[in-house]
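Q: Let me begin by handing over the structure; questions about it come next.
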Amino acid sequence: MPTIIVFSHLRWDFVYQRPQQLLTRLAPHFRIVYVEEPLHSDGPPHLTTSTPTPNLTVVQPHTPSHTSGFHDDQIPLLQPLLAALAPAGEEIIAWFYTPMALPLLPTLPARLVVYDCMDELSAFLHAPRQLMQRETALLKIADLVFAGGPSLYNARRARHPNAHCFPSSVDAGHFRQALERGLEHPLQAGIPRPRLGYFGVIDARFDTALLAALADARPDWQLVMVGPVLKIAPASLPRRGNIHYLGRQPYQELPRLVAGWDVCLLPFALNEATCNISPTKVLEYMAAELPVVSTAITDVARAYGGVAAIAHDEAGFIAACEAALTQTPGQRAATAQRMRAIVEQTSWQATADAMRRLIEQAAASRQPPHSPATATQAHTENAERAGNAMRAGARETTKAEMAGKASGAGGAGVTSVTGMTSVAGVAGVAAVAHAGPRGGVHTGCIIIGAGPTGLSAAYHLDADTLLLERAASVGGWCRSIQDHGFTFDHAGHIMFSNDPYVLKLYDILLGDNQHWQMREAWIYSKQVYTRYPFQGSLHGLPPDVIRECIMGAVAARYTAPAPRPANAHCATPVPDCCADGTTDTANTPRALPARPPNNFEDFIHKVWGAGIARHFALPYNRKLWTIPLKEMETSWLGGRVPLPDLDEIVDGALQPTPRPMGPNARFGYPRRGGFQALMSGFLPHIRGKIELNASVTAILPDEHTLMLADGRLLHYDHLISTMPMPELVRLMGNAVPVSLKLAAGALRHVSIRCVNIGVNRPKLTDKHWIYYPEDTVYHRIFVQGNASPDCNPPGGFGFTCEISYSPSKPLPAEGDALIAQCLADCVRTGFLSEDDQVLTANEVDMPYAYVVYDHARAGNVAAIREWMARHDILLAGRYSEWEYYNSDHAFLAGKRAAEHVRAQRSSRTRAAVST
């Protein structure tokens with residue numbers, strides 16, 4: 001995967017705009033390293049990093065120099081730091097948002113140079129005097145030039161033969177949230193209507209005089225200004241009772257703010273700084289389908305003058321706002337229709353894809369490296385190219401241009417906003433990672449696997465942490481996929497927990513991106529639907545089945561108890577958090593003081609009796625677990641033998657069971673982004689480093705070293721493994737004793753194949769998941785389309801058929817044949833009709849899905865765990881601990897693992913001090 005190293009004058013965590021929109025969409029195809037302007041810091045120069053999104057690292061240089069931006073005094077301090085950013089032996093792509101960073105190019109083996117010109121930086125207040133010279137040099141050396149709007153493009157297309165116009169685009173889905181006009185952001189809840197709003201940077205390009213005139217002309221209008229104040233004195237802003245400055249707000253919050261506005265404003269001054277701007281927000285306003293009033297910015301007037309109202313003076317601006325507020329419903333509808341047509345023609349994804357194609361074409365036109373000397377040769381060539389270009393640029397810069405910028409102080413760059421969390425440990429960045437004693441990079445703690453446990457562990461650890469994930473995105477089996485507008489998970493996942501810490505974590509990770517509802521869990525058997533759990537909802541089943549179930553439960557209830565076991569006092573309910581239909585077998589209000597059954601099958605008979613066992617509990621669990629239930633023990637069900645509640649069973653047989661209520665019947669799911677959104681929510685909070693597509697191929701436990709597929713050696717003090725226990729042992733080869741290999745080989749598990757289907761019938765059902773104990777190929781359908789409305793495209797509905805398999809129960813078919821069987825069973829059981837059109841169908845395979853609690857499991861797991869602990873390897877999570885965990889358990893397992901590592905570090909520090 002090629003690496004793009006980006007040099008920018010903008011802080012990543014400042015306003016979310018063009019660089020963030022494009023680079024996050026290029027990150028699946030390139031390793032992105034985003035280099036910000038340096039910050040002053042006493043001490044030796046160093047780098048801090050963060051990973052705001054997978055495959056994208058933000059690098060923040062710190063130097064003792066007091067000069068700002070990519071000043072000439074900063075260059076010699078930055079060069080040795082940044083030279084290590086390029087992976088060894090790779091020719092990278094250098095991407096510039098500011099020409100001021102051009103002197104850093106010779107330190108990098110750049111195969112391509114891209115200049116994405118998003119602003120007329122030379123027109124900014126206090127622009128550095130060398131900027132025009134360096135831009136001239138950059139235009140000579142660049143392979144590709146992208147311009148952020150027609151005016152910027154027209155000013156540069158004659159200066160470069162490979163220039164392309166890519167105007168600002170829009171994330172339409174994000175800003176269409178504002179169409180829910182009922183959204184009310186608390187920051188403006190107390191502000192009266194009408195509200196006329198603006199979001200963006202408030203700087204020298206903003207017409208403060210126009211804002212004051214608007215406020216004075218109409219005191220009854222409320223003017224809501226959202227954004228940071230930059231490079232102008234806040235005291236210079238007009239202050240009126242009807243002007244509300246809300247400051248910088250997160251990108252995620254903008255739709256909620258816009259939803260409460262009546263008119264959207266573009267109050268830009270008409271000056272040198274705005275002559276070539278192409279504001280991103282005009283399309284974002286249009287996605288919200290609100291009236292737009294703008295000053296006569298060239299790119300806005302030419303492209304959108306027929307939709308946005310364009311004003312040429314203060315009086316015209318005020319009149320245009322008046323007209324926008326008094327539009328008839330018909331006028332608003334017509335304008336909204338035209339806005340939709342414009343917005344549908346563009347997207348940030350389409351822009352990023354087009355840029356990527358041009359980059360690939362440009363790369364293909366250049367000769368690839370042929371020898372190990374190529375990287376060194378590239379350094380030399382880049383130095384010569386950059387030096388020659390800058391000398392030529394200096395000659396071509398006119399005296400008038402230089403004089404016009406003479407007021408700029410030294411080499412001062414554009415002022416930036418600070419605030420990034422310092423994070424160390426980026427692979428390949430020598431300034432923040434030190435070599436281990438045997439070569440390679442050393443990290444305090446390495447975590448294998450970026451599923452829910454690994455993400456939680458990284459979340460709870462510090463910057464000296466490296467999280468490795470072999471897939472291209474984080475989440476493990478909690479990832480989501482997109483297919484033709486449908487969102488599907490890797491099997492069904494829900495948010496459920498009685499733990500206050502986990503519930504708070506949901507709020508931290510998702511904020512308001514949560515959708516909570518009461519569950520609708522059902523069973524399909526005997527050609528009818530009954531509510532889950534089976535034993536409490538017998539109404540509607542054939543009478544002979546009901547009779548058999550009740551009589552069997554009575555017999556089980558009055559069986560003479562055996563002596564009370566040591567753990568029979570435990571009466572904590574076992575939640576069905578995984579919604580897989582197994583754990584409710586253990587739940588009842590009372591517990592029988594009896595000797596635990598010998599196996600899972602005996603457990604079912606003893607708890608619920610022969611009828612419920614025959615008609616649901618045995619066939620369903622055999623179908624799910626794929627092995628004889630006598631081969632399974634029951635510790636995972638809570639270590640007790642419960643009594644059936646006969647009142648509940650009889651009531652559920654005589655009348656329909658009402659919808660379940662209370663906290664245990666309530667579950668959540670991310671409103672947008674699938675379950676992946678919950679996993680991705682960790683990323684902004686993780687202080688360590690994350691590497692995707694990083695597959696571990698060997699582990700040397702005695703040396704505290706692991707090897708990646710690319711040949712790198714990584715050393716650690718502590719290793720947290722979330723990978724399946726048998727795989728972990730396998731990667732250690734002969735370093736583990738034969739007894740442990742045998743123990744790992746004896747561990748059993750169930751695999752799941754998910755068949756995801758999207759059809760053209762909206763609201764297919766009101767159910768959330770359905771269990772099928774009888775003869776369908778699948779054991780459960782997770783109704784993905786009801787997890788959140790955002791999981792379906794307009795007019796469509798998605799669901800997932802889950803099929804368990806193992807060596808003792810192989811899949812009956814694969815590919816199209818398996819999908820056909822699922823569809824046929826859906827029609828046969830009435831879940832689908834023959835008229836339903838399939839819009840998409842795909843498969844997702846989960847080789848490790850459920851760990852099997854056979855009778856040998858506990859001893860095997862204990863032996864492996866104890867040996868690993870002696871080698872500073874901590875096992876955490878469902879597959880590494882070989883435990884029956886769901887996602888909230890996984891979060892807590894990661895937290896415990898992190899706490900264990902911190903405790904070990906503290907203990908060793910105290911021991912070192914005492915000696």
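In the structure tokens, chains take letters A, B, ... by order of appearance, with residues numbered from 1 within each chain and ligands from 1 in the order shown.
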Quick one: residues within 7 Å of region 865-877 of chain A, only C-alpha atoms counted, chain neighbours fewer than 3 positions away excluded, as a list in words?

A: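 Surrounding residues, per the criterion: Thr453, Pro701, Asp702, His718, Leu719, Ile720, Ser721, Thr722, Val861, Ala862, Ser880, Glu881, Ala890, Ala893, Gly894 and Ala897 of chain A.
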
Q: Restricted to N, CA, C and O atoms, what would the selected residues look like written as a CSV table (one decimal), in the first residue's frame?

A:
```
chain,number,residue,atom,x,y,z
A,453,THR,N,-12.3,-6.0,22.4
A,453,THR,CA,-11.4,-6.1,23.6
A,453,THR,C,-10.1,-5.3,23.4
A,453,THR,O,-9.6,-4.6,24.2
A,701,PRO,N,8.1,-15.9,22.6
A,701,PRO,CA,7.8,-15.4,23.9
A,701,PRO,C,9.0,-15.2,24.8
A,701,PRO,O,8.9,-14.3,25.7
A,702,ASP,N,10.0,-16.0,24.7
A,702,ASP,CA,11.2,-15.8,25.6
A,702,ASP,C,11.9,-14.5,25.3
A,702,ASP,O,12.5,-13.9,26.1
A,718,HIS,N,5.0,-6.0,27.5
A,718,HIS,CA,3.8,-6.8,27.7
A,718,HIS,C,3.1,-7.0,26.4
A,718,HIS,O,3.1,-6.1,25.6
A,719,LEU,N,2.5,-8.2,26.3
A,719,LEU,CA,1.7,-8.5,25.1
A,719,LEU,C,0.3,-8.9,25.6
A,719,LEU,O,0.1,-9.7,26.4
A,720,ILE,N,-0.7,-8.2,25.0
A,720,ILE,CA,-2.1,-8.5,25.3
A,720,ILE,C,-2.6,-9.2,24.0
A,720,ILE,O,-2.6,-8.5,22.9
A,721,SER,N,-3.0,-10.4,24.1
A,721,SER,CA,-3.5,-11.1,22.9
A,721,SER,C,-5.1,-11.2,23.0
A,721,SER,O,-5.6,-11.7,24.0
A,722,THR,N,-5.7,-10.8,21.9
A,722,THR,CA,-7.2,-11.0,21.8
A,722,THR,C,-7.5,-12.0,20.7
A,722,THR,O,-8.6,-12.3,20.4
A,861,VAL,N,-7.7,-24.5,29.1
A,861,VAL,CA,-7.5,-23.1,29.1
A,861,VAL,C,-6.7,-22.6,30.3
A,861,VAL,O,-5.8,-21.7,30.2
A,862,ALA,N,-6.8,-23.2,31.5
A,862,ALA,CA,-6.0,-22.9,32.7
A,862,ALA,C,-4.6,-23.1,32.4
A,862,ALA,O,-3.7,-22.3,32.8
A,880,SER,N,-9.5,-15.3,23.1
A,880,SER,CA,-8.3,-15.5,23.8
A,880,SER,C,-8.4,-16.1,25.2
A,880,SER,O,-7.6,-16.9,25.6
A,881,GLU,N,-9.5,-15.7,25.9
A,881,GLU,CA,-9.8,-16.3,27.2
A,881,GLU,C,-10.6,-17.6,27.0
A,881,GLU,O,-10.8,-18.4,27.9
A,890,ALA,N,-16.5,-7.8,26.5
A,890,ALA,CA,-15.3,-7.6,25.9
A,890,ALA,C,-14.7,-6.3,26.2
A,890,ALA,O,-13.4,-6.1,26.5
A,893,ALA,N,-13.2,-6.7,29.6
A,893,ALA,CA,-12.0,-7.6,29.5
A,893,ALA,C,-10.8,-6.7,29.1
A,893,ALA,O,-9.7,-6.9,29.6
A,894,GLY,N,-11.0,-5.9,28.1
A,894,GLY,CA,-9.9,-5.0,27.7
A,894,GLY,C,-9.5,-4.1,28.8
A,894,GLY,O,-8.3,-3.8,29.0
A,897,ALA,N,-7.5,-6.0,31.3
A,897,ALA,CA,-6.1,-6.2,30.8
A,897,ALA,C,-5.2,-5.0,30.9
A,897,ALA,O,-4.1,-5.1,31.3
```

Q: When DSSP works through the backbone of this structure, what residues of region 594-807 of chain A end up as strand (DSSP E), shown as an MDAnalysis selection string?

A: chainID A and resid 666:670 689:691 696:700 705:708 713:721 749:759 769:771 780:782 797:805

Q: Can you tell me which residues surround Glu631 (chain A) at a distance of at most 9 Å, considering only C-alpha atoms, apart from same-chain residues fewer than 5 positions away, and format the answer as a PyMOL selection string?

A: chain A and resi 599-601+853-855

Q: Those same residues - all heavy atoms - I'd like them written as an mmCIF file, in the first residue's frame.

A:
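Saved result, part.cif, follows:
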```cif
data_model
loop_
_atom_site.group_PDB
_atom_site.id
_atom_site.type_symbol
_atom_site.label_atom_id
_atom_site.label_comp_id
_atom_site.auth_asym_id
_atom_site.auth_seq_id
_atom_site.Cartn_x
_atom_site.Cartn_y
_atom_site.Cartn_z
ATOM 1 N N ASN A 599 -24.201 -32.561 32.227
ATOM 2 C CA ASN A 599 -23.935 -31.994 30.920
ATOM 3 C C ASN A 599 -25.094 -31.080 30.515
ATOM 4 O O ASN A 599 -26.112 -30.993 31.202
ATOM 5 C CB ASN A 599 -23.716 -33.101 29.888
ATOM 6 C CG ASN A 599 -24.898 -34.055 29.820
ATOM 7 O OD1 ASN A 599 -25.990 -33.683 29.387
ATOM 8 N ND2 ASN A 599 -24.703 -35.302 30.268
ATOM 9 N N PHE A 600 -24.936 -30.405 29.388
ATOM 10 C CA PHE A 600 -25.916 -29.424 28.943
ATOM 11 C C PHE A 600 -27.262 -30.067 28.618
ATOM 12 O O PHE A 600 -28.328 -29.513 28.908
ATOM 13 C CB PHE A 600 -25.350 -28.687 27.731
ATOM 14 C CG PHE A 600 -26.148 -27.483 27.295
ATOM 15 C CD1 PHE A 600 -26.996 -26.805 28.164
ATOM 16 C CD2 PHE A 600 -26.031 -26.994 25.995
ATOM 17 C CE1 PHE A 600 -27.713 -25.693 27.749
ATOM 18 C CE2 PHE A 600 -26.741 -25.884 25.576
ATOM 19 C CZ PHE A 600 -27.593 -25.236 26.456
ATOM 20 N N GLU A 601 -27.255 -31.241 28.024
ATOM 21 C CA GLU A 601 -28.525 -31.892 27.689
ATOM 22 C C GLU A 601 -29.289 -32.262 28.953
ATOM 23 O O GLU A 601 -30.514 -32.037 29.040
ATOM 24 C CB GLU A 601 -28.279 -33.128 26.829
ATOM 25 C CG GLU A 601 -29.574 -33.800 26.378
ATOM 26 C CD GLU A 601 -29.364 -34.850 25.320
ATOM 27 O OE1 GLU A 601 -28.479 -34.655 24.450
ATOM 28 O OE2 GLU A 601 -30.080 -35.870 25.354
ATOM 29 N N TYR A 853 -17.926 -25.045 25.347
ATOM 30 C CA TYR A 853 -17.625 -25.432 26.718
ATOM 31 C C TYR A 853 -17.738 -26.952 26.856
ATOM 32 O O TYR A 853 -18.695 -27.463 27.437
ATOM 33 C CB TYR A 853 -18.579 -24.739 27.678
ATOM 34 C CG TYR A 853 -18.204 -23.320 28.036
ATOM 35 C CD1 TYR A 853 -18.214 -22.315 27.084
ATOM 36 C CD2 TYR A 853 -17.814 -22.985 29.324
ATOM 37 C CE1 TYR A 853 -17.873 -21.018 27.387
ATOM 38 C CE2 TYR A 853 -17.467 -21.690 29.659
ATOM 39 C CZ TYR A 853 -17.496 -20.709 28.683
ATOM 40 O OH TYR A 853 -17.145 -19.419 29.001
ATOM 41 N N ASP A 854 -16.764 -27.654 26.302
ATOM 42 C CA ASP A 854 -16.782 -29.104 26.515
ATOM 43 C C ASP A 854 -16.121 -29.407 27.857
ATOM 44 O O ASP A 854 -15.623 -28.523 28.555
ATOM 45 C CB ASP A 854 -16.142 -29.853 25.351
ATOM 46 C CG ASP A 854 -14.672 -29.522 25.157
ATOM 47 O OD1 ASP A 854 -14.066 -28.929 26.068
ATOM 48 O OD2 ASP A 854 -14.127 -29.836 24.087
ATOM 49 N N HIS A 855 -16.083 -30.677 28.215
ATOM 50 C CA HIS A 855 -15.646 -31.041 29.566
ATOM 51 C C HIS A 855 -14.145 -30.865 29.763
ATOM 52 O O HIS A 855 -13.687 -30.797 30.910
ATOM 53 C CB HIS A 855 -16.073 -32.468 29.869
ATOM 54 C CG HIS A 855 -17.560 -32.666 29.825
ATOM 55 N ND1 HIS A 855 -18.410 -32.191 30.798
ATOM 56 C CD2 HIS A 855 -18.362 -33.254 28.882
ATOM 57 C CE1 HIS A 855 -19.664 -32.484 30.482
ATOM 58 N NE2 HIS A 855 -19.664 -33.132 29.322
#
```

Q: Using DSSP on the backbone coordinates, identify the residues of region 123-193 of chain A assigned to alpha helix (DSSP H); present them as a list in words.

A: Leu131, Met132, Gln133, Arg134, Glu135, Thr136, Ala137, Leu138, Leu139, Lys140, Ile141, Pro150, Ser151, Leu152, Tyr153, Asn154, Ala172, Gly173, His174 and Phe175 of chain A

Q: Return as CSV the residues of region 52-161 of chain A lying at most 9 Å from region 38-43 of chain A, together with the closest atom-to-atom pair for each and the distance in Å to one decimal, counting only C-alpha atoms, with rows in chain order and ascending residue number.

A:
```
residue,atom,partner,partner_atom,distance
A:Gln60,CA,A:Pro38,CA,6.2
A:Pro61,CA,A:Pro38,CA,4.6
A:His62,CA,A:Leu39,CA,4.8
A:Thr63,CA,A:His40,CA,5.3
A:Pro64,CA,A:Asp42,CA,5.0
A:Ser65,CA,A:His40,CA,6.0
A:His66,CA,A:His40,CA,5.9
A:Thr67,CA,A:His40,CA,8.0
A:Ser68,CA,A:Pro38,CA,7.2
A:Gly69,CA,A:Pro38,CA,6.4
A:Phe70,CA,A:Pro38,CA,7.2
A:Gln74,CA,A:Pro38,CA,7.8
A:Leu78,CA,A:Pro38,CA,8.3
```

Q: For the residues selected in the previous step, produce a file with N, CA and C atoms as a PDB file, in the first residue's frame.

A:
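Saved file again23.pdb follows:
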```pdb
ATOM      1  N   GLN A  60       2.831  15.719  14.548  1.00  0.00           N
ATOM      2  CA  GLN A  60       2.984  17.092  15.008  1.00  0.00           C
ATOM      3  C   GLN A  60       4.420  17.285  15.468  1.00  0.00           C
ATOM      4  N   PRO A  61       5.228  18.036  14.701  1.00  0.00           N
ATOM      5  CA  PRO A  61       6.607  18.272  15.124  1.00  0.00           C
ATOM      6  C   PRO A  61       6.669  19.282  16.275  1.00  0.00           C
ATOM      7  N   HIS A  62       7.611  19.067  17.174  1.00  0.00           N
ATOM      8  CA  HIS A  62       7.882  20.006  18.261  1.00  0.00           C
ATOM      9  C   HIS A  62       9.358  20.384  18.179  1.00  0.00           C
ATOM     10  N   THR A  63       9.620  21.675  18.154  1.00  0.00           N
ATOM     11  CA  THR A  63      11.002  22.152  18.061  1.00  0.00           C
ATOM     12  C   THR A  63      11.200  23.287  19.059  1.00  0.00           C
ATOM     13  N   PRO A  64      12.454  23.592  19.405  1.00  0.00           N
ATOM     14  CA  PRO A  64      12.718  24.726  20.316  1.00  0.00           C
ATOM     15  C   PRO A  64      12.644  26.080  19.620  1.00  0.00           C
ATOM     16  N   SER A  65      12.439  26.121  18.306  1.00  0.00           N
ATOM     17  CA  SER A  65      12.377  27.385  17.588  1.00  0.00           C
ATOM     18  C   SER A  65      11.070  28.111  17.886  1.00  0.00           C
ATOM     19  N   HIS A  66      11.179  29.420  18.031  1.00  0.00           N
ATOM     20  CA  HIS A  66       9.984  30.233  18.303  1.00  0.00           C
ATOM     21  C   HIS A  66       9.315  30.716  17.021  1.00  0.00           C
ATOM     22  N   THR A  67       9.889  30.442  15.869  1.00  0.00           N
ATOM     23  CA  THR A  67       9.271  30.854  14.615  1.00  0.00           C
ATOM     24  C   THR A  67       8.093  29.952  14.294  1.00  0.00           C
ATOM     25  N   SER A  68       7.116  30.499  13.584  1.00  0.00           N
ATOM     26  CA  SER A  68       5.893  29.748  13.316  1.00  0.00           C
ATOM     27  C   SER A  68       5.887  29.217  11.893  1.00  0.00           C
ATOM     28  N   GLY A  69       5.023  28.265  11.642  1.00  0.00           N
ATOM     29  CA  GLY A  69       4.894  27.691  10.311  1.00  0.00           C
ATOM     30  C   GLY A  69       6.153  26.974   9.876  1.00  0.00           C
ATOM     31  N   PHE A  70       6.245  26.709   8.585  1.00  0.00           N
ATOM     32  CA  PHE A  70       7.441  26.065   8.032  1.00  0.00           C
ATOM     33  C   PHE A  70       8.473  27.156   7.687  1.00  0.00           C
ATOM     34  N   GLN A  74      13.004  26.654  10.880  1.00  0.00           N
ATOM     35  CA  GLN A  74      12.471  25.344  11.281  1.00  0.00           C
ATOM     36  C   GLN A  74      12.998  24.218  10.396  1.00  0.00           C
ATOM     37  N   LEU A  78      13.515  20.219  11.311  1.00  0.00           N
ATOM     38  CA  LEU A  78      12.500  19.263  10.879  1.00  0.00           C
ATOM     39  C   LEU A  78      13.061  18.164   9.988  1.00  0.00           C
TER      40      LEU A  78
END
```

Q: Give one line per residue of region 242-304 of chain A that approaches region 503-518 of chain A to at most 12 Å, naming the two atoms of the closest pair and their distance in Å to one decimal, counting only C-alpha atoms; sort by chain then ascending residue number and deliver it as CSV.

A:
```
residue,atom,partner,partner_atom,distance
A:Pro250,CA,A:Gly511,CA,11.8
A:Gln252,CA,A:Asn513,CA,9.7
A:Glu253,CA,A:Asp512,CA,9.6
A:Arg256,CA,A:Asp512,CA,10.7
```

Q: At a cut-off of 7 Å, using only C-alpha atoms, what residues contact Ala521 (chain A)? Leave out same-chain residues fewer than 4 positions from it and give the result as a list in words.

A: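 Counting only C-alpha atoms, the residues come to Arg531, Tyr532, Lys767, His768, Trp769 and Ile770 of chain A.
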
Q: May I ask which of the residues A:Asp766, A:Asp816, A:Glu289, A:Glu36 is the closest one to Tyr97 (chain A), counting only C-alpha atoms?

A: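 Nearest to Tyr97 (chain A): A:Glu36.
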
Q: Which one is closest to Val838 (chain A): A:Arg659, A:His484, A:Ala341, A:Thr776? Count only C-alpha atoms.

A: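 The answer is A:His484, which sits nearest to Val838 (chain A).
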
Q: What gap, in Å, lies between CA of Trp12 (chain A) and CA of Tyr34 (chain A)?

A: 8.1 Å

Q: Using only C-alpha atoms, which protein or nucleic acid residues come within 9 Å of Ser168 (chain A)? Drop anything in the same chain fewer than 2 positions from it, and give the result as a PyMOL selection string.

A: chain A and resi 18+118+148-149+166+170+278-281+283+347-348+351

Q: Provide the CA of Ala178 (chain A) to CA of Val258 (chain A) distance in Å, to one decimal place.

A: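 It comes out at 6.0 Å.
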
Q: Using only C-alpha atoms, find the one residue out of A:Ala315, A:Ile342, A:Ala189, A:Leu144 that sits nearest to Met355 (chain A).

A: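 Ranking A:Ala315, A:Ile342, A:Ala189, A:Leu144 by distance to Met355 (chain A), first place goes to A:Leu144.
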
Q: Can you list, as a compact mmCIF listing (two decimals) with N, CA, C and O atoms, in the first residue's frame, every protein, DNA or RNA residue that comes within 9 Å of Asn842 (chain A) when you count only C-alpha atoms, leaving out same-chain residues fewer than 4 positions away?

A:
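Wrote it out as selection_7.txt, contents follow:
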```txt
# COMPACT_ATOMS: atom_id res chain seq x y z
N ASP A 483 -23.28 -2.44 1.49
CA ASP A 483 -23.52 -3.10 0.21
C ASP A 483 -24.80 -2.54 -0.40
O ASP A 483 -25.90 -2.75 0.13
N CYS A 754 -22.60 -15.97 7.65
CA CYS A 754 -23.72 -15.03 7.56
C CYS A 754 -24.09 -14.81 6.10
O CYS A 754 -23.21 -14.51 5.28
N VAL A 755 -25.34 -14.96 5.79
CA VAL A 755 -25.85 -14.62 4.46
C VAL A 755 -26.67 -13.35 4.62
O VAL A 755 -27.73 -13.35 5.25
N ASN A 756 -26.14 -12.25 4.09
CA ASN A 756 -26.80 -10.94 4.20
C ASN A 756 -27.65 -10.70 2.95
O ASN A 756 -27.18 -10.88 1.83
N ILE A 757 -28.88 -10.31 3.17
CA ILE A 757 -29.84 -10.16 2.07
C ILE A 757 -30.53 -8.81 2.20
O ILE A 757 -30.96 -8.42 3.29
N GLY A 815 -21.57 -20.13 -1.27
CA GLY A 815 -21.76 -19.21 -2.36
C GLY A 815 -23.22 -19.04 -2.74
O GLY A 815 -24.12 -18.99 -1.89
N ASP A 816 -23.48 -18.98 -4.04
CA ASP A 816 -24.84 -18.75 -4.54
C ASP A 816 -25.81 -19.84 -4.10
O ASP A 816 -26.99 -19.58 -3.87
N ILE A 819 -26.90 -19.08 -0.54
CA ILE A 819 -27.82 -17.94 -0.58
C ILE A 819 -29.20 -18.38 -1.08
O ILE A 819 -30.24 -17.99 -0.53
```

Q: So, counting only C-alpha atoms, which residue among A:Ala463, A:Val113, A:Ala127, A:Ala324 is closest to Ile310 (chain A)?

A: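 Between A:Ala463, A:Val113, A:Ala127, A:Ala324, the residue approaching Ile310 (chain A) most closely is A:Ala324.
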
Q: Distance CA of Ala86 (chain A)-CA of Arg111 (chain A), one decimal place?

A: 11.4 Å

Q: Excluding region 301-309 of chain A and residues on its chain fewer than 4 positions from it, collect all residues at most 9 Å away from it, counting only C-alpha atoms, and give them as JSON, numbers by chain.

A: {"A": [282, 286, 291, 292, 293, 294, 295, 296, 297, 317, 320, 321, 324, 335, 336, 338, 339, 342]}

Q: Restricting the calculation to only C-alpha atoms: of A:Tyr501, A:Ile612, A:Ser151, A:Leu618, which residue gets closest to Cys549 (chain A)?

A: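 Closest to Cys549 (chain A), using only C-alpha atoms: A:Ile612.
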
Q: A:Asn734, A:Asn792, A:Gln784, A:Ser635: which is nearest Arg857 (chain A), counting only C-alpha atoms?

A: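 Checking each candidate against Arg857 (chain A), we get A:Ser635 as the closest.
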